[in-house]
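Okay, so here's the structure we're looking at.
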Amino acid sequence: MADGPVPFLRITEIFHSIQGESTWVGVPCTFVRLTGCPLRCVWCDTEYSFHGGDRMGLDEIMAEVRRIGCPVVEITGGEPLIHRHAFTLAERLVDEGFTVLVETSGSEDIAPLDDRVHVIMDLKCPGSGEMARNRWENLAELDGRDEVKFVVADRGDYEWARGVIREHRLEDRVRDGSLRAILLSPVWDGMDRREMAEWILEDGLLVRFQTQLHKHIWDPATRGV
């Protein structure tokens, strides 16, 4: 019997860096960046991942992750979950003992992901231009390993995020441990970070304010960091 086609993914880059966001910030991490995204957020900083990339078999990807040798791996994009073999890659990585993070725009169904994966899921604010792509059903799939992220471009985005947090009782889910964290991140060079921090303090939100640590370390335009 002939073998079936070799499972593959289109890869923009695989690199070793410092995790710049989420509760994993500051931790060395191997990033597997998949090519392609159906969203076009106006503040996107990885437009180079929309097209191109190299076709790599899952065995090749696993071999490169092993070669780098970092215990924490993030699958990102683009939007990684538009690729059916991304789910298989995540499962293979956790089976091999890696801690696996998946960063997703929230537009795709996260339910098929292995339960051992840590999901970092965006909810797109109005300023992104892609708010209509939010898949609200995903909120019910998140558990104590997972995190929700809002990228905030202005006061309107902040107030929208605050409303979603309260409407969906996300702070209660952090308190009871059924959600790991709520992340609020200002658009890089898009708004005053101190001002946003003061809004959070004034409102007493149970969130984690974050910037993009890697952009403080390296030139923000640098790829592969």
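If you're wondering about the labels, chains in the structure tokens are A, B, ... by order shown, residues count from 1 in each chain, ligands from 1 in order shown.
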Please, which residues in stretch 105-161 of chain A fall within 12 Å of stretch 198-209 of chain A when counting only C-alpha atoms, and what is the closest atom pair and distance in Å to one decimal for each, ordered by chain then residue number, as JSON lines?
{"residue": "A:Glu147", "atom": "CA", "partner": "A:Arg208", "partner_atom": "CA", "distance": 10.3}
{"residue": "A:Val148", "atom": "CA", "partner": "A:Val207", "partner_atom": "CA", "distance": 9.8}
{"residue": "A:Lys149", "atom": "CA", "partner": "A:Arg208", "partner_atom": "CA", "distance": 9.3}
{"residue": "A:Phe150", "atom": "CA", "partner": "A:Phe209", "partner_atom": "CA", "distance": 10.0}
{"residue": "A:Val151", "atom": "CA", "partner": "A:Phe209", "partner_atom": "CA", "distance": 10.4}
{"residue": "A:Val152", "atom": "CA", "partner": "A:Phe209", "partner_atom": "CA", "distance": 10.7}
{"residue": "A:Asp154", "atom": "CA", "partner": "A:Trp199", "partner_atom": "CA", "distance": 11.3}
{"residue": "A:Arg155", "atom": "CA", "partner": "A:Trp199", "partner_atom": "CA", "distance": 9.0}
{"residue": "A:Gly156", "atom": "CA", "partner": "A:Trp199", "partner_atom": "CA", "distance": 11.9}
{"residue": "A:Asp157", "atom": "CA", "partner": "A:Trp199", "partner_atom": "CA", "distance": 12.0}
{"residue": "A:Tyr158", "atom": "CA", "partner": "A:Trp199", "partner_atom": "CA", "distance": 8.4}
{"residue": "A:Glu159", "atom": "CA", "partner": "A:Trp199", "partner_atom": "CA", "distance": 9.5}
{"residue": "A:Ala161", "atom": "CA", "partner": "A:Leu205", "partner_atom": "CA", "distance": 10.7}
Export, as a PDB file, in the first residue's frame, the selected residues with C-alpha atoms.
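The result, written out as selection.pdb:
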ATOM      1  CA  GLU A 147      -5.090  33.719  28.397  1.00  0.00           C
ATOM      2  CA  VAL A 148      -7.207  36.392  26.682  1.00  0.00           C
ATOM      3  CA  LYS A 149      -5.457  39.366  25.079  1.00  0.00           C
ATOM      4  CA  PHE A 150      -6.768  42.771  24.007  1.00  0.00           C
ATOM      5  CA  VAL A 151      -4.555  44.990  21.834  1.00  0.00           C
ATOM      6  CA  VAL A 152      -5.633  48.559  22.549  1.00  0.00           C
ATOM      7  CA  ASP A 154      -7.053  54.239  21.869  1.00  0.00           C
ATOM      8  CA  ARG A 155      -9.492  55.110  24.657  1.00  0.00           C
ATOM      9  CA  GLY A 156     -12.390  53.678  22.671  1.00  0.00           C
ATOM     10  CA  ASP A 157     -10.634  50.313  22.425  1.00  0.00           C
ATOM     11  CA  TYR A 158      -9.884  50.389  26.139  1.00  0.00           C
ATOM     12  CA  GLU A 159     -13.502  51.070  27.047  1.00  0.00           C
ATOM     13  CA  ALA A 161     -12.230  45.855  26.287  1.00  0.00           C
TER      14      ALA A 161
END
Residue contacts of A:Cys29 (7 Å, only C-alpha atoms) excluding same-chain residues fewer than 6 positions away, as a VMD selection string: chain A and resid 16 to 19 70 72 to 74
Computed interatomic separation between atom CA of A:Leu184 and atom CA of A:Arg162 (Å):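 For atom CA of A:Leu184 relative to atom CA of A:Arg162, the distance reads 9.7 Å.
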Nearest residue to A:Gly144 from the set A:Pro38, A:Gly177, A:Gly224, A:Gly106 (distances using only C-alpha atoms):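 For A:Gly144, the nearest of the given residues is A:Gly177.
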12 Å contact set for A:Leu139, only C-alpha atoms, chain neighbours under 3 positions out, as a PyMOL selection string: chain A and resi 106-111+119-123+134-136+142-144+146-149+164-165+168-170+173+178-179+182
Residues flagged strand (DSSP E or B) by DSSP in chain A, as number ranges by chain: A: 8-18, 28-34, 54-57, 72-76, 99-104, 118-122, 147-152, 181-186, 208-209
Emit the selected residues as a compact mmCIF listing (two decimals), in the first residue's frame, including C-alpha atoms.
# COMPACT_ATOMS: atom_id res chain seq x y z
CA PHE A 8 3.41 19.73 6.05
CA LEU A 9 3.01 23.34 7.09
CA ARG A 10 4.08 26.55 5.36
CA ILE A 11 6.61 28.19 7.66
CA THR A 12 7.66 31.84 7.65
CA GLU A 13 10.37 31.35 10.27
CA ILE A 14 11.52 29.24 13.20
CA PHE A 15 13.68 31.09 15.70
CA HIS A 16 14.85 31.19 19.32
CA SER A 17 14.14 34.35 21.30
CA ILE A 18 12.80 35.81 24.53
CA PRO A 28 13.36 31.81 26.38
CA CYS A 29 11.11 30.33 23.69
CA THR A 30 11.28 28.72 20.27
CA PHE A 31 8.84 30.39 17.88
CA VAL A 32 7.31 28.50 14.96
CA ARG A 33 5.71 31.17 12.78
CA LEU A 34 3.24 29.82 10.23
CA ASP A 54 8.74 27.49 3.07
CA ARG A 55 6.93 24.19 2.92
CA MET A 56 8.21 22.00 5.77
CA GLY A 57 7.12 18.52 6.81
CA VAL A 72 9.00 26.24 25.61
CA VAL A 73 7.62 26.48 22.07
CA GLU A 74 5.10 28.93 20.65
CA ILE A 75 3.13 28.26 17.48
CA THR A 76 2.14 31.61 16.01
CA THR A 99 5.47 23.29 26.89
CA VAL A 100 3.41 24.58 23.96
CA LEU A 101 1.85 28.01 23.58
CA VAL A 102 -0.49 28.80 20.68
CA GLU A 103 -1.10 32.46 19.90
CA THR A 104 -4.28 32.90 17.89
CA HIS A 118 -1.63 26.97 26.53
CA VAL A 119 -3.82 29.21 24.36
CA ILE A 120 -3.12 32.94 24.12
CA MET A 121 -6.22 34.24 22.35
CA ASP A 122 -6.91 37.74 21.07
CA GLU A 147 -5.09 33.72 28.40
CA VAL A 148 -7.21 36.39 26.68
CA LYS A 149 -5.46 39.37 25.08
CA PHE A 150 -6.77 42.77 24.01
CA VAL A 151 -4.56 44.99 21.83
CA VAL A 152 -5.63 48.56 22.55
CA ALA A 181 -4.95 35.84 32.76
CA ILE A 182 -6.44 38.84 30.96
CA LEU A 183 -3.81 40.77 29.01
CA LEU A 184 -4.10 44.42 27.92
CA SER A 185 -1.47 45.56 25.46
CA PRO A 186 -1.13 49.05 23.95
CA ARG A 208 -2.01 42.20 33.29
CA PHE A 209 -0.72 45.33 31.54
Among the residues A:Ala132, A:Leu81, A:Leu113, A:Met62, the one that comes closest to A:Leu93 [using only C-alpha atoms]: A:Met62
All helix (DSSP H, G or I) residues (DSSP, backbone) inside chain A, as a count of residues only: 76
Selection: 8 Å around A:Gly78, only C-alpha atoms, excl. self and same-chain fewer than 6 positions, as a ChimeraX atom specification: /A:33-37,46-47,49-50
Proximity to A:Gly26 - best of A:Val187, A:Leu213, A:Ala140, A:Cys41, only C-alpha atoms: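 Checking each of A:Val187, A:Leu213, A:Ala140, A:Cys41 against A:Gly26, counting only C-alpha atoms, the winner is A:Leu213.
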Proximity to A:Val94 - best of A:Arg116, A:Ile68, A:Arg145, A:Gln212, only C-alpha atoms: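 Looking at the shortest contact to A:Val94, the residue is A:Arg116.
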Surrounding residues of A:Ala221 excluding itself and chain neighbours under 2 positions, 12 Å, only C-alpha atoms, as a list in words: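 The residues that qualify are Cys44, Asp45, Thr46, Glu47, Tyr48, Trp188, His214, Lys215, His216, Ile217, Trp218, Asp219, Arg223, Gly224 and Val225 of chain A.
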How would the residues just picked look written out with C-alpha atoms as a compact mmCIF listing (two decimals), in the first residue's frame?
# COMPACT_ATOMS: atom_id res chain seq x y z
CA CYS A 44 -0.33 44.29 12.46
CA ASP A 45 3.44 44.01 12.94
CA THR A 46 3.92 40.69 11.12
CA GLU A 47 2.56 41.44 7.65
CA TYR A 48 5.58 39.63 6.22
CA TRP A 188 3.34 49.80 19.90
CA HIS A 214 11.22 41.96 22.59
CA LYS A 215 10.70 45.41 21.03
CA HIS A 216 12.39 47.01 24.04
CA ILE A 217 15.39 44.70 23.53
CA TRP A 218 15.71 44.68 19.75
CA ASP A 219 14.75 47.10 16.96
CA ARG A 223 12.46 39.86 12.19
CA GLY A 224 13.21 36.63 14.00
CA VAL A 225 13.50 38.06 17.53
